[in-house]
>>> print(open('my_file.cif').read())   # mmCIF, C-alpha atoms and all ligand atoms
data_final
loop_
_atom_site.label_atom_id
_atom_site.label_comp_id
_atom_site.auth_asym_id
_atom_site.auth_seq_id
_atom_site.Cartn_x
_atom_site.Cartn_y
_atom_site.Cartn_z
CA PRO A 1 281.84 67.21 35.75
CA LEU A 2 283.12 63.62 35.64
CA VAL A 3 280.13 61.30 35.37
CA SER A 4 279.25 57.78 34.26
CA MET A 5 277.86 57.20 30.77
CA THR A 6 274.44 56.03 31.89
CA GLU A 7 272.55 59.29 31.93
CA MET A 8 274.25 60.77 28.87
CA LEU A 9 273.54 57.67 26.77
CA ASN A 10 269.94 57.26 27.87
CA LYS A 11 269.29 60.89 26.98
CA ALA A 12 271.09 60.47 23.63
CA LYS A 13 269.05 57.39 22.75
CA GLU A 14 265.83 59.16 23.61
CA GLU A 15 266.68 62.33 21.69
CA LYS A 16 268.25 60.45 18.75
CA TYR A 17 271.85 61.52 18.68
CA ALA A 18 275.09 59.79 19.64
CA VAL A 19 277.78 60.76 22.14
CA GLY A 20 281.31 60.35 20.76
CA GLN A 21 283.90 58.27 22.53
CA PHE A 22 287.23 59.77 21.55
CA ASN A 23 290.31 57.85 22.59
CA LEU A 24 293.17 59.44 24.51
CA ASN A 25 296.72 58.82 23.37
CA ASN A 26 298.57 61.62 25.12
CA LEU A 27 298.23 65.08 26.67
CA GLU A 28 297.44 66.82 23.39
CA PHE A 29 294.59 64.42 22.60
CA THR A 30 293.12 65.04 26.05
CA GLN A 31 293.37 68.82 25.72
CA ALA A 32 291.89 68.82 22.22
CA ILE A 33 288.93 66.59 23.09
CA LEU A 34 288.03 68.44 26.31
CA GLN A 35 288.29 71.80 24.55
CA ALA A 36 286.15 70.59 21.64
CA ALA A 37 283.45 69.28 24.01
CA GLU A 38 283.29 72.55 25.95
CA GLU A 39 283.17 74.69 22.81
CA GLU A 40 280.46 72.51 21.27
CA LYS A 41 278.54 72.22 24.56
CA SER A 42 278.60 68.48 23.98
CA PRO A 43 278.78 65.57 26.40
CA VAL A 44 281.89 63.48 25.75
CA ILE A 45 283.40 60.10 26.57
CA LEU A 46 287.17 59.87 26.92
CA GLY A 47 288.16 56.35 25.83
CA VAL A 48 291.32 54.89 27.34
CA SER A 49 292.60 51.51 26.19
CA GLU A 50 294.87 49.49 28.44
CA GLY A 51 297.71 50.07 25.98
CA ALA A 52 297.16 53.83 25.91
CA ALA A 53 296.98 53.96 29.71
CA ARG A 54 300.27 52.07 29.89
CA TYR A 55 301.82 54.50 27.41
CA MET A 56 300.65 57.55 29.36
CA GLY A 57 301.76 56.29 32.78
CA GLY A 58 298.85 54.29 34.15
CA PHE A 59 295.16 54.68 34.99
CA LYS A 60 295.77 56.98 37.96
CA LEU A 61 297.86 59.38 35.96
CA VAL A 62 295.20 59.54 33.25
CA VAL A 63 292.46 60.33 35.79
CA LYS A 64 294.59 63.04 37.42
CA MET A 65 295.48 64.53 34.03
CA VAL A 66 291.82 64.67 32.99
CA GLU A 67 290.72 66.13 36.35
CA ALA A 68 293.46 68.76 36.27
CA LEU A 69 292.60 69.83 32.72
CA MET A 70 288.88 69.97 33.51
CA GLU A 71 289.64 72.21 36.45
CA GLU A 72 291.94 74.38 34.35
CA TYR A 73 289.31 74.71 31.58
CA GLY A 74 286.37 75.11 33.97
CA THR A 75 284.64 72.26 32.15
CA THR A 76 280.86 72.39 32.47
CA VAL A 77 279.84 69.60 30.06
CA PRO A 78 279.43 65.98 31.27
CA VAL A 79 282.62 63.97 30.78
CA ALA A 80 283.06 60.21 31.28
CA ILE A 81 286.45 58.47 31.57
CA HIS A 82 285.89 55.05 30.12
CA LEU A 83 288.13 51.98 29.94
CA ASP A 84 288.04 50.88 26.30
CA HIS A 85 288.05 47.11 25.60
CA GLY A 86 288.87 46.10 29.18
CA SER A 87 290.45 42.65 28.89
CA SER A 88 289.76 41.25 32.37
CA PHE A 89 287.89 41.76 35.63
CA GLU A 90 291.20 42.85 37.20
CA ALA A 91 291.80 45.56 34.57
CA CYS A 92 288.27 46.92 35.09
CA ALA A 93 288.67 46.87 38.88
CA LYS A 94 291.98 48.70 38.60
CA ALA A 95 290.51 51.38 36.35
CA ILE A 96 287.52 51.83 38.67
CA ASP A 97 289.84 52.07 41.66
CA ALA A 98 291.82 54.77 39.86
CA GLY A 99 288.67 56.84 39.35
CA PHE A 100 287.34 55.77 35.95
CA THR A 101 283.62 56.50 35.76
CA SER A 102 282.89 53.84 33.16
CA VAL A 103 284.37 50.59 31.88
CA MET A 104 283.98 48.27 28.94
CA ILE A 105 284.51 44.60 29.62
CA ASP A 106 285.32 42.97 26.30
CA GLY A 107 284.55 39.29 26.73
CA SER A 108 283.68 38.95 23.05
CA HIS A 109 286.39 36.35 22.42
CA TYR A 110 284.94 34.02 25.09
CA PRO A 111 282.05 31.60 24.63
CA LEU A 112 278.69 33.25 25.46
CA ASP A 113 278.31 31.79 28.96
CA GLU A 114 281.80 32.88 29.98
CA ASN A 115 281.29 36.33 28.51
CA ILE A 116 278.06 36.67 30.51
CA GLU A 117 279.67 35.45 33.72
CA LEU A 118 282.62 37.82 33.38
CA THR A 119 280.47 40.80 32.41
CA LYS A 120 278.12 40.14 35.32
CA LYS A 121 281.01 40.18 37.77
CA VAL A 122 282.19 43.54 36.43
CA VAL A 123 278.65 44.98 36.58
CA GLU A 124 278.28 43.89 40.22
CA LEU A 125 281.41 45.78 41.22
CA ALA A 126 280.86 48.80 38.98
CA HIS A 127 277.25 49.46 39.90
CA ILE A 128 277.98 49.60 43.62
CA LEU A 129 280.22 52.56 42.80
CA GLY A 130 277.99 54.25 40.23
CA VAL A 131 280.29 53.25 37.37
CA SER A 132 278.69 52.34 34.02
CA VAL A 133 279.51 49.19 32.05
CA GLU A 134 279.63 48.38 28.33
CA ALA A 135 279.82 44.83 26.98
CA GLU A 136 280.43 43.36 23.54
CA LEU A 137 279.25 40.35 21.56
CA GLY A 138 280.44 39.17 18.19
CA ARG A 139 283.90 40.17 17.06
CA ILE A 140 284.88 43.55 15.67
CA GLY A 141 287.52 43.19 12.96
CA GLY A 142 290.74 45.15 12.55
CA GLN A 143 293.37 46.23 15.00
CA GLU A 144 293.50 48.50 18.02
CA ASP A 145 296.42 48.31 20.43
CA ASP A 146 296.66 44.82 21.94
CA LEU A 147 293.49 43.76 20.17
CA SER A 148 293.75 42.27 16.70
CA VAL A 149 291.02 40.34 14.89
CA ASP A 150 291.64 39.31 11.29
CA GLU A 151 288.89 39.39 8.70
CA ALA A 152 288.18 35.67 8.88
CA ASP A 153 287.65 35.80 12.65
CA ALA A 154 285.44 38.90 12.65
CA SER A 155 281.84 37.88 13.25
CA TYR A 156 278.39 39.40 13.51
CA ALA A 157 276.59 39.33 16.84
CA ILE A 158 273.50 37.10 17.08
CA PRO A 159 270.48 39.09 18.36
CA GLU A 160 269.12 36.36 20.67
CA GLU A 161 272.52 36.06 22.32
CA CYS A 162 272.70 39.84 22.72
CA ASP A 163 269.31 39.83 24.41
CA ARG A 164 270.43 37.13 26.83
CA LEU A 165 273.68 38.88 27.69
CA VAL A 166 272.01 42.24 28.29
CA ARG A 167 269.20 40.72 30.40
CA GLU A 168 271.45 38.52 32.51
CA THR A 169 274.21 41.06 33.16
CA GLY A 170 272.43 44.41 33.59
CA VAL A 171 274.96 46.34 31.47
CA ASP A 172 274.24 50.01 30.76
CA CYS A 173 275.07 49.95 27.06
CA PHE A 174 275.99 47.30 24.57
CA ALA A 175 278.24 46.92 21.53
CA PRO A 176 277.04 44.29 19.07
CA ALA A 177 279.73 43.62 16.43
CA LEU A 178 277.86 44.18 13.16
CA GLY A 179 280.53 44.60 10.53
CA SER A 180 282.36 47.67 11.79
CA VAL A 181 286.15 47.56 11.86
CA HIS A 182 288.88 49.12 14.00
CA GLY A 183 291.20 51.24 11.88
CA PRO A 184 290.59 52.32 8.27
CA TYR A 185 288.02 50.39 6.20
CA LYS A 186 288.98 48.51 3.09
CA GLY A 187 286.22 49.84 0.86
CA GLU A 188 282.78 50.78 2.16
CA PRO A 189 281.72 49.37 5.52
CA ASN A 190 278.90 46.86 5.37
CA LEU A 191 276.98 47.28 8.60
CA GLY A 192 274.28 44.79 9.63
CA PHE A 193 271.41 47.23 10.08
CA ASP A 194 268.69 44.57 10.17
CA ARG A 195 270.39 42.89 13.09
CA MET A 196 271.01 46.26 14.71
CA GLU A 197 267.27 46.90 14.64
CA GLU A 198 266.57 43.47 16.11
CA VAL A 199 269.13 44.02 18.87
CA MET A 200 267.60 47.41 19.64
CA ASN A 201 264.10 45.96 19.83
CA LEU A 202 265.17 43.01 21.97
CA THR A 203 267.49 44.80 24.42
CA GLY A 204 266.10 48.34 24.54
CA ILE A 205 269.40 49.76 25.84
CA PRO A 206 271.73 52.29 24.15
CA LEU A 207 273.88 50.61 21.50
CA VAL A 208 277.53 51.34 20.81
CA LEU A 209 279.20 51.50 17.41
CA HIS A 210 282.92 50.74 17.48
CA GLY A 211 285.24 51.54 14.61
CA GLY A 212 283.68 54.96 13.98
CA THR A 213 286.50 56.04 11.67
CA GLY A 214 285.48 56.04 8.01
CA ILE A 215 281.77 55.28 8.38
CA PRO A 216 279.75 57.40 5.91
CA THR A 217 277.36 59.97 7.39
CA LYS A 218 274.29 58.18 6.03
CA ASP A 219 275.30 55.01 7.91
CA ILE A 220 275.97 57.03 11.07
CA GLN A 221 272.48 58.53 10.82
CA ARG A 222 270.88 55.16 10.20
CA ALA A 223 272.72 53.63 13.16
CA ILE A 224 271.53 56.47 15.39
CA SER A 225 267.95 55.98 14.19
CA LEU A 226 268.31 52.30 15.25
CA GLY A 227 269.30 53.02 18.83
CA THR A 228 273.04 53.70 18.55
CA ALA A 229 273.84 56.29 21.24
CA LYS A 230 277.64 56.01 21.45
CA ILE A 231 280.15 56.01 18.60
CA ASN A 232 283.84 55.29 19.16
CA VAL A 233 286.47 57.18 17.20
CA ASN A 234 290.22 56.86 17.50
CA THR A 235 291.97 56.29 14.17
CA GLU A 236 290.50 59.39 12.54
CA ASN A 237 292.09 61.64 15.17
CA GLN A 238 295.37 59.76 14.83
CA ILE A 239 295.33 60.20 11.06
CA SER A 240 294.45 63.91 11.16
CA SER A 241 297.11 64.70 13.77
CA ALA A 242 299.83 62.64 12.09
CA LYS A 243 299.06 64.36 8.79
CA ARG A 244 299.43 67.77 10.43
CA VAL A 245 302.77 66.79 12.00
CA ARG A 246 304.05 65.61 8.61
CA GLU A 247 303.00 68.88 6.97
CA VAL A 248 304.61 71.06 9.63
CA LEU A 249 307.88 69.14 9.60
CA ALA A 250 307.98 69.06 5.80
CA ASP A 251 307.51 72.86 5.77
CA LEU A 252 310.04 73.43 8.55
CA PRO A 253 312.71 70.73 8.22
CA GLU A 254 314.93 72.52 10.77
CA GLU A 255 312.23 72.60 13.47
CA TYR A 256 312.76 70.50 16.58
CA ASP A 257 310.63 72.09 19.30
CA PRO A 258 307.80 69.56 19.92
CA ARG A 259 305.40 72.39 20.72
CA LYS A 260 305.77 73.61 17.13
CA TYR A 261 304.40 70.37 15.68
CA LEU A 262 302.32 68.93 18.55
CA GLY A 263 300.46 72.24 18.93
CA PRO A 264 299.20 72.07 15.32
CA ALA A 265 298.51 68.33 15.80
CA ARG A 266 296.32 69.25 18.76
CA ASP A 267 294.44 71.78 16.61
CA ALA A 268 293.85 69.06 14.00
CA ILE A 269 292.40 66.70 16.62
CA LYS A 270 290.14 69.43 17.95
CA GLU A 271 288.82 70.20 14.45
CA THR A 272 288.20 66.51 13.81
CA VAL A 273 286.37 66.02 17.11
CA ILE A 274 284.19 69.11 16.55
CA GLY A 275 283.25 67.73 13.13
CA LYS A 276 282.27 64.39 14.66
CA MET A 277 280.21 66.00 17.43
CA ARG A 278 278.23 67.92 14.83
CA GLU A 279 277.84 64.81 12.67
CA PHE A 280 276.67 62.73 15.66
CA GLY A 281 274.26 65.47 16.75
CA SER A 282 275.69 65.82 20.27
CA SER A 283 276.60 69.52 19.95
CA ASN A 284 274.53 71.74 22.25
CA LYS A 285 273.17 68.69 24.11
CA ALA A 286 275.16 69.15 27.31
O1 LIG B 301 287.28 51.25 20.72
C1 LIG B 301 287.64 52.18 19.97
C2 LIG B 301 287.04 52.39 18.66
O2 LIG B 301 286.24 51.35 18.32
C3 LIG B 301 287.90 53.08 17.66
O3 LIG B 301 287.78 52.68 16.30
O4 LIG B 301 290.00 53.54 15.62
O5 LIG B 301 288.40 52.65 13.94
O6 LIG B 301 287.95 54.82 15.06
P1 LIG B 301 288.57 53.47 15.18
ZN ZN B 302 286.54 49.42 19.77
#
>>> encode(input="my_file.cif", output="structure tokens")
Amino acid sequence: PLVSMTEMLNKAKEEKYAVGQFNLNNLEFTQAILQAAEEEKSPVILGVSEGAARYMGGFKLVVKMVEALMEEYGTTVPVAIHLDHGSSFEACAKAIDAGFTSVMIDGSHYPLDENIELTKKVVELAHILGVSVEAELGRIGGQEDDLSVDEADASYAIPEECDRLVRETGVDCFAPALGSVHGPYKGEPNLGFDRMEEVMNLTGIPLVLHGGTGIPTKDIQRAISLGTAKINVNTENQISSAKRVREVLADLPEEYDPRKYLGPARDAIKETVIGKMREFGSSNKA
């Protein structure tokens, strides 16, 4: 069923695993992720950025596509449709109106007071409708769709500020930027685990790790042990599917039927997602 993230993340935090947020880019991504979740008996969060929603035909279309596939597959595991890096109150309201069960309001580029004010406004609307909310503090480096933060501007969240934001807004989960990056890492990631622990102790709510692509398993496990209950992955699925398309077309240079290369791309995404669910410990937790 389509649900908010609240229950799945509270359970994950308690039982020490993380639920994956896998971003949708098109039909094949959606099919692959829903199939992986059902096969693994894992809860799942479908992340939709504003750019990806625009590409696919809008928030409403995405909700209808997800609902239709869940019906077709007879999905039994909990599924959340979540706006990823919502850029404004209006974008969040639009997603909620279209049937999203969860939203992220990313006010991380605003001064703290403005971020709190904006996040609070989104929480007020969302919670009336049973929709969960994620907020962010500090700045996650790298690039994802419309969002681009260069290395110099990336910054670590300050635990006291995180505590204030969480307390004053009532968000359901929280993403402190602690050195993770959107897109591939240049070298090993350097995550701020000490601060993560402080943020966990101060806020007590499920934490979110963005930029899940390319984080070593030992860091994933450490993050989970420090209260991380949601890990976002997009680039890794994009890389694995693009690689598969390149292989198929290199093998079959005369091929032009999209099903012949997008089908294998879909298989690659499904394999990647299954691997992540096992790594995050969410398999058999639905
Ligand atoms: O919000 C989405 C994620 O943080 C994705 O990060 O593309 O590096 O896996 P990634
Ligand atoms: Zn992100």
>>> residues_near_ligand(input="my_file.cif", ligand="ligand ZN 302 (chain B)", cutoff="7 Å", atoms="all atoms listed in the file", output="MDAnalysis selection string")
chainID A and resid 84:85 182 210:211 232
>>> residues_near_ligand(input="my_file.cif", ligand="ligand LIG 301 (chain B)", cutoff="8 Å", atoms="all atoms listed in the file", output="list in words")
Gln21, Phe22, Asn23, Gly47, Ser49, Asp84, His85, Gly142, Glu144, Val181, His182, Gly183, Pro184, Leu209, His210, Gly211, Gly212, Thr213, Gly214, Ile231, Asn232, Val233, Asn234, Thr235, Glu236 and Asn237 of chain A
>>> closest_residue(input="my_file.cif", among="A:Met65, A:Ala242, A:Val273, A:Ile140", to="Tyr261 of chain A", atoms="only C-alpha atoms")
A:Ala242
>>> closest_atom_pairs(input="my_file.cif", of="segment 86-190 of chain A", to="segment 220-228 of chain A", cutoff="10 Å", atoms="only C-alpha atoms", output="Markdown table")
| residue | atom | partner | partner_atom | distance |
| --- | --- | --- | --- | --- |
| A:Cys173 | CA | A:Thr228 | CA | 9.5 |
| A:Phe174 | CA | A:Thr228 | CA | 9.3 |
| A:Ala175 | CA | A:Thr228 | CA | 9.0 |
>>> residues_around(input="my_file.cif", residues="Phe280 of chain A", least_positions_apart="3", cutoff="6 Å", atoms="only C-alpha atoms", output="number ranges by chain")
A: 17-18, 276-277
>>> closest_residue(input="my_file.cif", among="A:Gly130, A:Asp163, A:Met56, A:Ala157", to="Asp194 of chain A", atoms="all atoms listed in the file")
A:Ala157
>>> closest_residue(input="my_file.cif", among="A:Ala177, A:Thr217, A:Leu165, A:Ser87", to="Gly141 of chain A", atoms="all atoms listed in the file")
A:Ala177
>>> closest_residue(input="my_file.cif", among="A:Leu137, A:Leu9, A:Leu207, A:Leu34", to="Asp113 of chain A", atoms="all atoms listed in the file")
A:Leu137
>>> residues_around(input="my_file.cif", residues="Thr76 of chain A", least_positions_apart="5", cutoff="10 Å", atoms="only C-alpha atoms", output="PDB file with C-alpha atoms, keeping the file's coordinate frame")
ATOM      1  CA  PRO A   1     281.840  67.210  35.750  1.00  0.00           C
ATOM      2  CA  LEU A   2     283.120  63.620  35.640  1.00  0.00           C
ATOM      3  CA  ALA A  37     283.450  69.280  24.010  1.00  0.00           C
ATOM      4  CA  GLU A  38     283.290  72.550  25.950  1.00  0.00           C
ATOM      5  CA  LYS A  41     278.540  72.220  24.560  1.00  0.00           C
ATOM      6  CA  SER A  42     278.600  68.480  23.980  1.00  0.00           C
ATOM      7  CA  PRO A  43     278.780  65.570  26.400  1.00  0.00           C
ATOM      8  CA  MET A  70     288.880  69.970  33.510  1.00  0.00           C
ATOM      9  CA  GLU A  71     289.640  72.210  36.450  1.00  0.00           C
ATOM     10  CA  ALA A 286     275.160  69.150  27.310  1.00  0.00           C
TER      11      ALA A 286
END
>>> atom_distance(input="my_file.cif", atom1="atom CA of Ile205 of chain A", atom2="atom CA of Glu134 of chain A")
10.6 Å
>>> decode(input="my_file.cif", residues="segment 112-134 of chain A", atoms="N, CA and C atoms", output="PDB file, in the first residue's frame")
ATOM      1  N   LEU A 112      19.110  29.858   8.777  1.00  0.00           N
ATOM      2  CA  LEU A 112      18.409  28.921   9.670  1.00  0.00           C
ATOM      3  C   LEU A 112      16.961  29.319   9.960  1.00  0.00           C
ATOM      4  N   ASP A 113      16.748  30.591  10.332  1.00  0.00           N
ATOM      5  CA  ASP A 113      15.394  31.011  10.697  1.00  0.00           C
ATOM      6  C   ASP A 113      14.413  30.859   9.540  1.00  0.00           C
ATOM      7  N   GLU A 114      14.880  31.189   8.345  1.00  0.00           N
ATOM      8  CA  GLU A 114      14.005  31.060   7.168  1.00  0.00           C
ATOM      9  C   GLU A 114      13.731  29.604   6.847  1.00  0.00           C
ATOM     10  N   ASN A 115      14.759  28.777   6.980  1.00  0.00           N
ATOM     11  CA  ASN A 115      14.604  27.342   6.748  1.00  0.00           C
ATOM     12  C   ASN A 115      13.555  26.782   7.721  1.00  0.00           C
ATOM     13  N   ILE A 116      13.661  27.181   8.984  1.00  0.00           N
ATOM     14  CA  ILE A 116      12.705  26.706  10.002  1.00  0.00           C
ATOM     15  C   ILE A 116      11.288  27.165   9.664  1.00  0.00           C
ATOM     16  N   GLU A 117      11.152  28.417   9.311  1.00  0.00           N
ATOM     17  CA  GLU A 117       9.833  28.977   9.013  1.00  0.00           C
ATOM     18  C   GLU A 117       9.174  28.255   7.832  1.00  0.00           C
ATOM     19  N   LEU A 118       9.962  28.049   6.785  1.00  0.00           N
ATOM     20  CA  LEU A 118       9.470  27.369   5.588  1.00  0.00           C
ATOM     21  C   LEU A 118       9.101  25.920   5.898  1.00  0.00           C
ATOM     22  N   THR A 119       9.985  25.235   6.597  1.00  0.00           N
ATOM     23  CA  THR A 119       9.763  23.825   6.922  1.00  0.00           C
ATOM     24  C   THR A 119       8.508  23.663   7.778  1.00  0.00           C
ATOM     25  N   LYS A 120       8.352  24.581   8.731  1.00  0.00           N
ATOM     26  CA  LYS A 120       7.188  24.549   9.622  1.00  0.00           C
ATOM     27  C   LYS A 120       5.883  24.660   8.834  1.00  0.00           C
ATOM     28  N   LYS A 121       5.889  25.546   7.870  1.00  0.00           N
ATOM     29  CA  LYS A 121       4.701  25.766   7.045  1.00  0.00           C
ATOM     30  C   LYS A 121       4.339  24.482   6.278  1.00  0.00           C
ATOM     31  N   VAL A 122       5.357  23.821   5.754  1.00  0.00           N
ATOM     32  CA  VAL A 122       5.124  22.572   5.017  1.00  0.00           C
ATOM     33  C   VAL A 122       4.603  21.487   5.969  1.00  0.00           C
ATOM     34  N   VAL A 123       5.196  21.407   7.168  1.00  0.00           N
ATOM     35  CA  VAL A 123       4.763  20.395   8.142  1.00  0.00           C
ATOM     36  C   VAL A 123       3.298  20.610   8.510  1.00  0.00           C
ATOM     37  N   GLU A 124       2.912  21.876   8.718  1.00  0.00           N
ATOM     38  CA  GLU A 124       1.520  22.171   9.088  1.00  0.00           C
ATOM     39  C   GLU A 124       0.540  21.633   8.058  1.00  0.00           C
ATOM     40  N   LEU A 125       0.846  21.866   6.790  1.00  0.00           N
ATOM     41  CA  LEU A 125      -0.029  21.374   5.726  1.00  0.00           C
ATOM     42  C   LEU A 125       0.026  19.847   5.651  1.00  0.00           C
ATOM     43  N   ALA A 126       1.230  19.312   5.616  1.00  0.00           N
ATOM     44  CA  ALA A 126       1.424  17.875   5.377  1.00  0.00           C
ATOM     45  C   ALA A 126       0.767  17.034   6.467  1.00  0.00           C
ATOM     46  N   HIS A 127       0.964  17.435   7.719  1.00  0.00           N
ATOM     47  CA  HIS A 127       0.504  16.594   8.813  1.00  0.00           C
ATOM     48  C   HIS A 127      -1.020  16.519   8.922  1.00  0.00           C
ATOM     49  N   ILE A 128      -1.700  17.560   8.466  1.00  0.00           N
ATOM     50  CA  ILE A 128      -3.165  17.489   8.430  1.00  0.00           C
ATOM     51  C   ILE A 128      -3.600  16.320   7.548  1.00  0.00           C
ATOM     52  N   LEU A 129      -2.800  16.056   6.502  1.00  0.00           N
ATOM     53  CA  LEU A 129      -3.181  15.052   5.514  1.00  0.00           C
ATOM     54  C   LEU A 129      -2.445  13.731   5.692  1.00  0.00           C
ATOM     55  N   GLY A 130      -1.726  13.585   6.796  1.00  0.00           N
ATOM     56  CA  GLY A 130      -1.019  12.328   7.057  1.00  0.00           C
ATOM     57  C   GLY A 130       0.209  12.125   6.185  1.00  0.00           C
ATOM     58  N   VAL A 131       0.716  13.224   5.647  1.00  0.00           N
ATOM     59  CA  VAL A 131       1.910  13.167   4.779  1.00  0.00           C
ATOM     60  C   VAL A 131       3.150  13.452   5.634  1.00  0.00           C
ATOM     61  N   SER A 132       4.221  12.672   5.432  1.00  0.00           N
ATOM     62  CA  SER A 132       5.439  12.873   6.220  1.00  0.00           C
ATOM     63  C   SER A 132       6.348  13.921   5.578  1.00  0.00           C
ATOM     64  N   VAL A 133       7.209  14.515   6.413  1.00  0.00           N
ATOM     65  CA  VAL A 133       8.085  15.596   5.941  1.00  0.00           C
ATOM     66  C   VAL A 133       9.534  15.346   6.357  1.00  0.00           C
ATOM     67  N   GLU A 134      10.435  15.582   5.416  1.00  0.00           N
ATOM     68  CA  GLU A 134      11.885  15.532   5.650  1.00  0.00           C
ATOM     69  C   GLU A 134      12.457  16.923   5.437  1.00  0.00           C
TER      70      GLU A 134
END
